[in-house]
Amino acid sequence: MNDTSIKISIRKLYKVFGDDPQPALQLVMDGMGKAELLEKHNHVLGLNDINVDIPAGKTTVIMGLSGSGKSTLIRHLNRLIEPTAGEVWVDDDNILEYTDTQLRQMRQHRMSMVFQKFALLPHRTVLQNAGLAPSIAGQNERKYADEARRWLDRVGLAGQGEQYPHQLSGGMQQRVGIARALTSNSDIMLMDEAFSALDPLIRTDMQDLLNELQAELQKTVVFITHDLDEALKLADHLVILKDGSVIQQGEPQHILLNPAAPYIEDFVADINRARVLRVRSVMGTFREAGTYAGDIDHHDTLESVIAKSEGDTNLSYRVMQDGKPVGLLDMRKLVRALVPSERSVERETPDLSDLQSKSAETDAALSQ
Amino acid sequence: MATYDFIFDGLGLRNWCGASGDDSGGMTSMAQLLAQTSGSDVVVSPWETPFPSMDAMHEACTSFPQSRALTSGLEEGFLSIKNGLKVVVDPLTQPLSWALNEALWVMQVVPWFIMIPLLMLISYVVSREWKLVGLVAICFGFLGFVDYYSYTMQTLAIIFVCALTCVALGVPIGIAMARSDRVQRIMIPILDMLQTLPPFVYLIPLIFLFSVTEPKLYGIAIILYAIVPVVRLTDLGIRLVDPDVIEAADAFGMTKRQKLLNVQIPLALPNIMAGVNQTIMMSLAMVVIASLVSAPGLGVLVLRGIRSLELGVGLLSGLGIVLLAIILDRVTKAALARINVSQSR
Ligand SMILES: Nc1ncnc2c1ncn2[C@@H]1O[C@H](COP(=O)(O)OP(=O)(O)O)[C@@H](O)[C@H]1O
Ligand SMILES: [Mg+2]
């Protein structure tokens, strides 16, 4: 992650809900947990010492179960919720020092938001909804219509501009929500469980749409979900929350192979690993010598490699990146990576390069 | 001997009371009369112990005020602040008198063959329903035919001015209530009181304050009575606006004012319109009572029916009021329905 710049930086962020949060915050800083704080002091611990760097132009997914503080965290990024303590830096400004006017400016031009329940204005047409941000900035409909229509077309709503939101299906309403965020022309897009209210098939469509848009536009997306499949499909950077604390963050493949806590192991246990894991995450270092069955791309999923090998575990493949060989993939190693039970070994070796040498050892042990 | 002598004796207030209650020169109670005729002290059984009311206390101690003193005291108190109150309230409410006079004048001056088509046009613009336009034509045609046209127009003029004032005052009050819990806490008892006080009770202090010939007298009574629903429903409507939509408005950087004008009021409009409908219905009910204090219109005919037992006049003018109520209700409800269709979820 060193090669990308940081767009949003969250530092030592705490949020305590309740009548008198400051003393409760002190208790939290002294190590009191969420359950105890609620029971003994009747305050809810929303966020506990959050430190997250959100890379520019990438999709950062914040994942956690219901009540883990995801919505609370994302609402700190545009200050819909005020923190009890901590800092939120956006483009080198601490937004907690912003005046009301500066804050509104940021919300109008630099950050947009997509909501779980769409939250469109029911008395305005689709076009007027899409043009919400420019209309707030004072532009009239004729002025923003072209831009709004362009984004409506882009999200697949060509010709629907004159409809009212209630005339559209849920999936289409959320497309309006996305068009509204895009029309604001902001670098940062906050999405709070944006697809959770949609049917599974439509949901997949929307995920594909978001990935396409991302490939094209490279916005800084902060996406919230409670669904690991969705997280792995979208994430460049994954942050896992539990009870208001970050328990692991990093590259999704890495988290999948090295879950840092039993909580995450449970999360990743049911995942279709072959479809999610990429060749680059499990390959071995490249050696000139040796024979291989063919070339595969470092970004291929393991599933596609299995299909290619037709299940033959004796093969190995040369891994290519931008036309250069970067590694070797042994099919037996691939198969082992599909079994989550190996995680206990991996957990002690969080570093990826370590992991590879380690699995080489187990490799040897197994073949005896 | 009175029942509560012991209180004053016990407190050592006998001197303050002056002589014993028996020698009092004021009203003589039934018990005392009985005692005089039978020539002996009445033995009051514990079952008949009177409530320790002001009058009972007065019996025991003449210096203690009777309840009559309370009511007359209230009256005197009101009379003493009346002039001060008038200085403030009179100019404030003068526009109301003026508006009512103007409206009454306009409605009388415009000839029927312009006024009835105009009312039909208004009902079409508001409701977009030809059936309703037909209803308006039939009702006004009937009322004109039985020679109640000018009375009907007077009633309509009063309702028009009063309902408009109610909306102009009530919507901002409702908005203030929705925005601040404290304003709401203060306003709710006032609204409850306005709604539950018998309508006649409004009239009494107003009669003291203004002369009976001033139109604002009944104008104020109608407005006080009819403003409640529009205030309540504006407050409710704004508080019921989907918090997700409000959050979206915040997240895209709306100012408070933009939020109010572009999100909260439009989304509360169905509720506000329901309040306007109620307000119009209530002003219609009050306009009849207001005839007691010289409000012109159909109510005058109703009163005439009661006073001189003219059954026919009373029934026909009552029917006229019902017809007006039906028209006003249907037209405002049709407008409400149009708002609802355009923003149903
Ligand atoms: N306004 C609030 N007052 C009190 N507690 C709150 C408030 N908002 C959220 N919480 C609590 O904070 C925790 C995190 O909530 P939330 O961020 O909505 O979780 P998630 O979005 O992950 O489901 C929950 O325990 C919730 O009850
Ligand atoms: Mg949530």
# chains A, B, ... in the order shown; residues from 1 in each chain; ligands from 1

call {"tool": "interface_residues", "arguments": {"of": "chain A", "to": "chain B", "cutoff": "6 Å", "atoms": "only C-alpha atoms", "output": "ChimeraX atom specification"}}
result
/A:104,107-108,119,122-123,166

call {"tool": "closest_atom_pairs", "arguments": {"of": "chain A", "to": "ligand 2", "cutoff": "8 Å", "atoms": "only C-alpha atoms and all ligand atoms", "output": "CSV"}}
result
residue,atom,partner,partner_atom_place_in_ligand_line,distance
A:Ser66,CA,ligand 2,1 (Mg),6.6
A:Gly67,CA,ligand 2,1 (Mg),6.9
A:Gly69,CA,ligand 2,1 (Mg),7.2
A:Lys70,CA,ligand 2,1 (Mg),5.8
A:Ser71,CA,ligand 2,1 (Mg),4.3
A:Thr72,CA,ligand 2,1 (Mg),7.4
A:Asp192,CA,ligand 2,1 (Mg),6.9
A:Glu193,CA,ligand 2,1 (Mg),7.0

call {"tool": "write_last_selection", "arguments": {"atoms": "N, CA and C atoms", "output": "short mmCIF file (atom, residue, chain, number, x, y, z; two decimals), in the first residue's frame"}}
result
data_model
loop_
_atom_site.label_atom_id
_atom_site.label_comp_id
_atom_site.auth_asym_id
_atom_site.auth_seq_id
_atom_site.Cartn_x
_atom_site.Cartn_y
_atom_site.Cartn_z
N SER A 66 -23.90 -6.78 12.27
CA SER A 66 -24.83 -5.71 12.61
C SER A 66 -24.52 -5.19 14.03
N GLY A 67 -24.45 -3.90 14.19
CA GLY A 67 -24.18 -3.32 15.49
C GLY A 67 -22.71 -3.16 15.81
N GLY A 69 -20.71 -1.05 14.50
CA GLY A 69 -20.27 0.34 14.42
C GLY A 69 -19.91 0.82 13.04
N LYS A 70 -20.28 0.06 12.01
CA LYS A 70 -19.93 0.44 10.64
C LYS A 70 -20.57 1.76 10.24
N SER A 71 -21.89 1.85 10.48
CA SER A 71 -22.58 3.09 10.09
C SER A 71 -22.05 4.27 10.89
N THR A 72 -21.78 4.03 12.15
CA THR A 72 -21.24 5.10 12.99
C THR A 72 -19.90 5.59 12.43
N ASP A 192 -23.10 3.26 2.47
CA ASP A 192 -23.47 2.53 3.68
C ASP A 192 -24.44 1.41 3.34
N GLU A 193 -23.93 0.19 3.29
CA GLU A 193 -24.74 -0.99 2.95
C GLU A 193 -25.60 -0.70 1.72
#

call {"tool": "residues_around", "arguments": {"residues": "range 191-201 of chain B", "least_positions_apart": "4", "cutoff": "9 Å", "atoms": "only C-alpha atoms", "output": "MDAnalysis selection string"}}
result
chainID B and resid 187 205 221:222 224:229 231:232 286 289:290

call {"tool": "residues_around", "arguments": {"residues": "range 173-177 of chain A", "least_positions_apart": "2", "cutoff": "8 Å", "atoms": "only C-alpha atoms", "output": "MDAnalysis selection string"}}
result
chainID A and resid 114:115 118:120 126 129:130 152 155:157 165 168:171 179:181 194:195

call {"tool": "write_last_selection", "arguments": {"atoms": "all heavy atoms", "output": "short mmCIF file (atom, residue, chain, number, x, y, z; two decimals), in the first residue's frame"}}
result
data_model
loop_
_atom_site.label_atom_id
_atom_site.label_comp_id
_atom_site.auth_asym_id
_atom_site.auth_seq_id
_atom_site.Cartn_x
_atom_site.Cartn_y
_atom_site.Cartn_z
N VAL A 114 -24.10 7.25 -0.54
CA VAL A 114 -25.17 6.39 -1.06
C VAL A 114 -25.73 5.61 0.13
O VAL A 114 -24.96 5.10 0.94
CB VAL A 114 -24.63 5.43 -2.13
CG1 VAL A 114 -25.75 4.58 -2.70
CG2 VAL A 114 -23.94 6.20 -3.24
N PHE A 115 -27.04 5.53 0.21
CA PHE A 115 -27.67 5.00 1.42
C PHE A 115 -28.32 3.65 1.21
O PHE A 115 -28.76 3.33 0.11
CB PHE A 115 -28.73 5.98 1.94
CG PHE A 115 -28.16 7.31 2.33
CD1 PHE A 115 -27.98 8.31 1.38
CD2 PHE A 115 -27.76 7.55 3.63
CE1 PHE A 115 -27.44 9.52 1.73
CE2 PHE A 115 -27.22 8.77 3.99
CZ PHE A 115 -27.06 9.76 3.04
N PHE A 118 -31.82 4.03 0.05
CA PHE A 118 -31.84 4.94 -1.11
C PHE A 118 -31.97 6.41 -0.72
O PHE A 118 -31.21 7.23 -1.20
CB PHE A 118 -32.93 4.57 -2.12
CG PHE A 118 -33.16 3.08 -2.27
CD1 PHE A 118 -34.43 2.54 -2.34
CD2 PHE A 118 -32.07 2.21 -2.32
CE1 PHE A 118 -34.62 1.18 -2.47
CE2 PHE A 118 -32.26 0.84 -2.45
CZ PHE A 118 -33.54 0.34 -2.52
N ALA A 119 -32.97 6.72 0.15
CA ALA A 119 -33.14 8.10 0.63
C ALA A 119 -33.21 9.11 -0.50
O ALA A 119 -32.58 10.16 -0.46
CB ALA A 119 -32.02 8.45 1.62
N LEU A 120 -34.01 8.79 -1.52
CA LEU A 120 -34.25 9.77 -2.58
C LEU A 120 -35.36 10.72 -2.14
O LEU A 120 -36.14 10.39 -1.25
CB LEU A 120 -34.67 9.05 -3.86
CG LEU A 120 -33.68 8.00 -4.38
CD1 LEU A 120 -34.26 7.27 -5.57
CD2 LEU A 120 -32.36 8.64 -4.74
N VAL A 126 -36.55 11.76 -11.06
CA VAL A 126 -35.27 11.07 -11.05
C VAL A 126 -34.15 12.03 -11.44
O VAL A 126 -33.09 12.06 -10.82
CB VAL A 126 -35.35 9.86 -11.99
CG1 VAL A 126 -33.97 9.33 -12.32
CG2 VAL A 126 -36.21 8.77 -11.37
N ASN A 129 -33.43 14.37 -8.66
CA ASN A 129 -32.73 13.66 -7.60
C ASN A 129 -31.26 13.48 -7.95
O ASN A 129 -30.38 13.71 -7.12
CB ASN A 129 -33.37 12.29 -7.36
CG ASN A 129 -34.40 12.33 -6.25
OD1 ASN A 129 -34.06 12.50 -5.09
ND2 ASN A 129 -35.65 12.20 -6.62
N ALA A 130 -31.01 13.09 -9.19
CA ALA A 130 -29.62 12.89 -9.61
C ALA A 130 -28.86 14.21 -9.51
O ALA A 130 -27.67 14.23 -9.20
CB ALA A 130 -29.58 12.35 -11.03
N LEU A 152 -27.02 9.41 -15.24
CA LEU A 152 -28.16 8.48 -15.26
C LEU A 152 -27.98 7.48 -16.39
O LEU A 152 -28.21 6.27 -16.22
CB LEU A 152 -29.48 9.25 -15.43
CG LEU A 152 -30.01 9.96 -14.19
CD1 LEU A 152 -31.22 10.81 -14.53
CD2 LEU A 152 -30.36 8.95 -13.10
N VAL A 155 -25.36 4.81 -15.44
CA VAL A 155 -25.75 3.75 -14.51
C VAL A 155 -26.94 2.95 -15.05
O VAL A 155 -27.52 2.15 -14.33
CB VAL A 155 -26.09 4.30 -13.11
CG1 VAL A 155 -24.91 4.99 -12.49
CG2 VAL A 155 -27.30 5.23 -13.17
N GLY A 156 -27.30 3.17 -16.31
CA GLY A 156 -28.32 2.33 -16.93
C GLY A 156 -29.74 2.84 -16.76
O GLY A 156 -30.68 2.05 -16.74
N LEU A 157 -29.92 4.14 -16.61
CA LEU A 157 -31.27 4.68 -16.45
C LEU A 157 -31.60 5.67 -17.57
O LEU A 157 -32.33 6.64 -17.34
CB LEU A 157 -31.41 5.37 -15.09
CG LEU A 157 -31.44 4.47 -13.87
CD1 LEU A 157 -31.49 5.29 -12.61
CD2 LEU A 157 -32.64 3.54 -13.92
N PRO A 165 -39.29 8.64 -8.15
CA PRO A 165 -38.64 7.47 -7.55
C PRO A 165 -39.58 6.31 -7.27
O PRO A 165 -39.23 5.16 -7.51
CB PRO A 165 -38.04 8.03 -6.26
CG PRO A 165 -37.79 9.45 -6.56
CD PRO A 165 -38.88 9.89 -7.49
N LEU A 168 -40.04 3.48 -9.71
CA LEU A 168 -38.92 2.61 -10.07
C LEU A 168 -38.79 1.46 -9.07
O LEU A 168 -39.21 1.56 -7.93
CB LEU A 168 -37.60 3.39 -10.07
CG LEU A 168 -37.53 4.64 -10.94
CD1 LEU A 168 -36.15 5.26 -10.84
CD2 LEU A 168 -37.85 4.30 -12.38
N SER A 169 -38.16 0.36 -9.54
CA SER A 169 -37.88 -0.76 -8.63
C SER A 169 -36.73 -0.38 -7.70
O SER A 169 -36.03 0.61 -7.92
CB SER A 169 -37.49 -1.98 -9.44
OG SER A 169 -36.24 -1.76 -10.04
N GLY A 170 -36.53 -1.21 -6.66
CA GLY A 170 -35.47 -0.93 -5.69
C GLY A 170 -34.10 -0.79 -6.34
O GLY A 170 -33.35 0.15 -6.06
N GLY A 171 -33.78 -1.74 -7.23
CA GLY A 171 -32.48 -1.69 -7.88
C GLY A 171 -32.30 -0.41 -8.68
O GLY A 171 -31.24 0.22 -8.65
N ALA A 179 -26.13 7.56 -9.22
CA ALA A 179 -26.01 8.68 -10.17
C ALA A 179 -25.96 10.00 -9.40
O ALA A 179 -25.20 10.90 -9.76
CB ALA A 179 -27.19 8.67 -11.13
N ARG A 180 -26.73 10.10 -8.33
CA ARG A 180 -26.73 11.32 -7.52
C ARG A 180 -25.34 11.57 -6.94
O ARG A 180 -24.85 12.70 -6.95
CB ARG A 180 -27.77 11.16 -6.41
CG ARG A 180 -27.76 12.26 -5.39
CD ARG A 180 -28.97 12.18 -4.49
NE ARG A 180 -28.85 11.13 -3.48
CZ ARG A 180 -29.77 10.91 -2.53
NH1 ARG A 180 -30.87 11.63 -2.48
NH2 ARG A 180 -29.60 9.94 -1.65
N ALA A 181 -24.72 10.48 -6.45
CA ALA A 181 -23.37 10.63 -5.90
C ALA A 181 -22.37 11.01 -6.98
O ALA A 181 -21.48 11.83 -6.76
CB ALA A 181 -22.96 9.34 -5.20
N ALA A 194 -24.97 -0.11 0.71
CA ALA A 194 -25.73 0.41 -0.42
C ALA A 194 -26.50 -0.67 -1.15
O ALA A 194 -27.52 -0.39 -1.76
CB ALA A 194 -24.78 1.12 -1.39
N PHE A 195 -26.04 -1.92 -1.09
CA PHE A 195 -26.72 -2.97 -1.86
C PHE A 195 -27.46 -3.96 -0.96
O PHE A 195 -28.01 -4.94 -1.45
CB PHE A 195 -25.71 -3.72 -2.74
CG PHE A 195 -24.93 -2.82 -3.66
CD1 PHE A 195 -23.63 -3.15 -4.05
CD2 PHE A 195 -25.47 -1.64 -4.13
CE1 PHE A 195 -22.92 -2.32 -4.90
CE2 PHE A 195 -24.76 -0.80 -4.97
CZ PHE A 195 -23.47 -1.14 -5.36
#

call {"tool": "residues_near_ligand", "arguments": {"ligand": "ligand 1", "cutoff": "9 Å", "atoms": "only C-alpha atoms and all ligand atoms", "output": "JSON list (two decimals) with N, CA, C and O atoms, in the first residue's frame"}}
result
[["chain", "number", "residue", "atom", "x", "y", "z"],
["A", 15, "LYS", "N", -16.01, 7.02, 19.82],
["A", 15, "LYS", "CA", -17.36, 7.55, 19.92],
["A", 15, "LYS", "C", -18.11, 6.81, 21.01],
["A", 15, "LYS", "O", -18.22, 5.59, 21.00],
["A", 16, "VAL", "N", -18.59, 7.57, 21.99],
["A", 16, "VAL", "CA", -19.41, 7.00, 23.05],
["A", 16, "VAL", "C", -20.78, 7.67, 22.98],
["A", 16, "VAL", "O", -20.88, 8.89, 22.99],
["A", 17, "PHE", "N", -21.83, 6.87, 22.85],
["A", 17, "PHE", "CA", -23.19, 7.41, 22.85],
["A", 17, "PHE", "C", -23.71, 7.45, 24.28],
["A", 17, "PHE", "O", -23.57, 6.49, 25.02],
["A", 18, "GLY", "N", -24.31, 8.56, 24.65],
["A", 18, "GLY", "CA", -24.89, 8.66, 25.99],
["A", 18, "GLY", "C", -24.95, 10.10, 26.44],
["A", 18, "GLY", "O", -24.55, 11.01, 25.72],
["A", 34, "LYS", "N", -17.25, -2.87, 25.72],
["A", 34, "LYS", "CA", -18.56, -2.37, 25.33],
["A", 34, "LYS", "C", -19.67, -2.87, 26.27],
["A", 34, "LYS", "O", -20.51, -2.09, 26.72],
["A", 43, "HIS", "N", -23.81, 3.71, 28.92],
["A", 43, "HIS", "CA", -23.35, 4.40, 27.72],
["A", 43, "HIS", "C", -23.00, 3.34, 26.68],
["A", 43, "HIS", "O", -22.52, 2.26, 27.02],
["A", 44, "VAL", "N", -23.25, 3.67, 25.41],
["A", 44, "VAL", "CA", -22.96, 2.71, 24.34],
["A", 44, "VAL", "C", -21.62, 3.07, 23.70],
["A", 44, "VAL", "O", -21.42, 4.21, 23.26],
["A", 45, "LEU", "N", -20.72, 2.07, 23.66],
["A", 45, "LEU", "CA", -19.44, 2.29, 22.99],
["A", 45, "LEU", "C", -19.66, 2.09, 21.50],
["A", 45, "LEU", "O", -19.91, 0.98, 21.04],
["A", 46, "GLY", "N", -19.61, 3.17, 20.74],
["A", 46, "GLY", "CA", -19.83, 3.09, 19.29],
["A", 46, "GLY", "C", -18.54, 2.75, 18.56],
["A", 46, "GLY", "O", -18.49, 1.82, 17.77],
["A", 47, "LEU", "N", -17.48, 3.51, 18.84],
["A", 47, "LEU", "CA", -16.19, 3.28, 18.19],
["A", 47, "LEU", "C", -15.09, 3.34, 19.24],
["A", 47, "LEU", "O", -15.13, 4.18, 20.14],
["A", 63, "MET", "N", -16.14, -3.98, 7.03],
["A", 63, "MET", "CA", -17.06, -5.09, 7.22],
["A", 63, "MET", "C", -17.21, -5.41, 8.70],
["A", 63, "MET", "O", -16.28, -5.27, 9.49],
["A", 64, "GLY", "N", -18.39, -5.86, 9.08],
["A", 64, "GLY", "CA", -18.62, -6.26, 10.45],
["A", 64, "GLY", "C", -20.06, -6.68, 10.58],
["A", 64, "GLY", "O", -20.88, -6.39, 9.71],
["A", 65, "LEU", "N", -20.37, -7.35, 11.69],
["A", 65, "LEU", "CA", -21.75, -7.77, 11.88],
["A", 65, "LEU", "C", -22.60, -6.56, 12.24],
["A", 65, "LEU", "O", -22.08, -5.47, 12.51],
["A", 66, "SER", "N", -23.90, -6.78, 12.27],
["A", 66, "SER", "CA", -24.83, -5.71, 12.61],
["A", 66, "SER", "C", -24.52, -5.19, 14.03],
["A", 66, "SER", "O", -24.32, -5.98, 14.94],
["A", 67, "GLY", "N", -24.45, -3.90, 14.19],
["A", 67, "GLY", "CA", -24.18, -3.32, 15.49],
["A", 67, "GLY", "C", -22.71, -3.16, 15.81],
["A", 67, "GLY", "O", -22.34, -2.72, 16.89],
["A", 68, "SER", "N", -21.84, -3.48, 14.84],
["A", 68, "SER", "CA", -20.41, -3.40, 15.12],
["A", 68, "SER", "C", -19.87, -1.97, 14.97],
["A", 68, "SER", "O", -18.72, -1.71, 15.29],
["A", 69, "GLY", "N", -20.71, -1.05, 14.50],
["A", 69, "GLY", "CA", -20.27, 0.34, 14.42],
["A", 69, "GLY", "C", -19.91, 0.82, 13.04],
["A", 69, "GLY", "O", -19.33, 1.89, 12.89],
["A", 70, "LYS", "N", -20.28, 0.06, 12.01],
["A", 70, "LYS", "CA", -19.93, 0.44, 10.64],
["A", 70, "LYS", "C", -20.57, 1.76, 10.24],
["A", 70, "LYS", "O", -19.90, 2.67, 9.76],
["A", 71, "SER", "N", -21.89, 1.85, 10.48],
["A", 71, "SER", "CA", -22.58, 3.09, 10.09],
["A", 71, "SER", "C", -22.05, 4.27, 10.89],
["A", 71, "SER", "O", -21.89, 5.37, 10.36],
["A", 72, "THR", "N", -21.78, 4.03, 12.15],
["A", 72, "THR", "CA", -21.24, 5.10, 12.99],
["A", 72, "THR", "C", -19.90, 5.59, 12.43],
["A", 72, "THR", "O", -19.66, 6.79, 12.33],
["A", 73, "LEU", "N", -19.05, 4.65, 12.01],
["A", 73, "LEU", "CA", -17.73, 5.02, 11.51],
["A", 73, "LEU", "C", -17.86, 5.83, 10.22],
["A", 73, "LEU", "O", -17.25, 6.90, 10.10],
["A", 74, "ILE", "N", -18.68, 5.36, 9.28],
["A", 74, "ILE", "CA", -18.73, 6.06, 7.98],
["A", 74, "ILE", "C", -19.34, 7.45, 8.15],
["A", 74, "ILE", "O", -18.98, 8.39, 7.43],
["A", 75, "ARG", "N", -20.23, 7.61, 9.14],
["A", 75, "ARG", "CA", -20.84, 8.93, 9.36],
["A", 75, "ARG", "C", -19.87, 9.91, 10.03],
["A", 75, "ARG", "O", -20.15, 11.12, 10.07],
["A", 81, "ILE", "N", -22.01, 12.42, 12.26],
["A", 81, "ILE", "CA", -21.89, 12.16, 13.68],
["A", 81, "ILE", "C", -20.59, 12.81, 14.16],
["A", 81, "ILE", "O", -19.57, 12.71, 13.49],
["A", 192, "ASP", "N", -23.10, 3.26, 2.47],
["A", 192, "ASP", "CA", -23.47, 2.53, 3.68],
["A", 192, "ASP", "C", -24.44, 1.41, 3.34],
["A", 192, "ASP", "O", -25.62, 1.66, 3.13],
["A", 193, "GLU", "N", -23.93, 0.19, 3.29],
["A", 193, "GLU", "CA", -24.74, -0.99, 2.95],
["A", 193, "GLU", "C", -25.60, -0.70, 1.72],
["A", 193, "GLU", "O", -26.79, -1.02, 1.69],
["A", 224, "ILE", "N", -19.55, -0.05, 2.87],
["A", 224, "ILE", "CA", -19.85, -0.79, 4.09],
["A", 224, "ILE", "C", -20.71, -1.99, 3.76],
["A", 224, "ILE", "O", -21.62, -1.90, 2.93],
["A", 225, "THR", "N", -20.38, -3.13, 4.34],
["A", 225, "THR", "CA", -21.22, -4.30, 4.13],
["A", 225, "THR", "C", -21.08, -5.24, 5.32],
["A", 225, "THR", "O", -20.13, -5.16, 6.10],
["A", 226, "HIS", "N", -22.09, -6.13, 5.48],
["A", 226, "HIS", "CA", -21.93, -7.18, 6.47],
["A", 226, "HIS", "C", -21.71, -8.51, 5.77],
["A", 226, "HIS", "O", -21.72, -9.56, 6.39],
["A", 241, "LEU", "N", -14.48, -4.76, 11.50],
["A", 241, "LEU", "CA", -14.88, -4.15, 12.77],
["A", 241, "LEU", "C", -15.59, -5.17, 13.63],
["A", 241, "LEU", "O", -16.32, -6.01, 13.14],
["A", 242, "LYS", "N", -15.35, -5.06, 14.93],
["A", 242, "LYS", "CA", -16.16, -5.85, 15.86],
["A", 242, "LYS", "C", -16.33, -5.03, 17.13],
["A", 242, "LYS", "O", -15.36, -4.52, 17.68],
["A", 243, "ASP", "N", -17.55, -4.90, 17.58],
["A", 243, "ASP", "CA", -17.86, -4.14, 18.80],
["A", 243, "ASP", "C", -17.17, -2.78, 18.83],
["A", 243, "ASP", "O", -16.66, -2.35, 19.86],
["A", 244, "GLY", "N", -17.10, -2.14, 17.70],
["A", 244, "GLY", "CA", -16.55, -0.80, 17.66],
["A", 244, "GLY", "C", -15.04, -0.72, 17.53],
["A", 244, "GLY", "O", -14.48, 0.37, 17.54]]

call {"tool": "select_by_dssp", "arguments": {"residues": "range 116-348 of chain A", "states": "strand (DSSP E)", "output": "PyMOL selection string"}}
result
chain A and resi 188-192+220-225+237-242+245-250+284-285+295-297+316-321+324-330
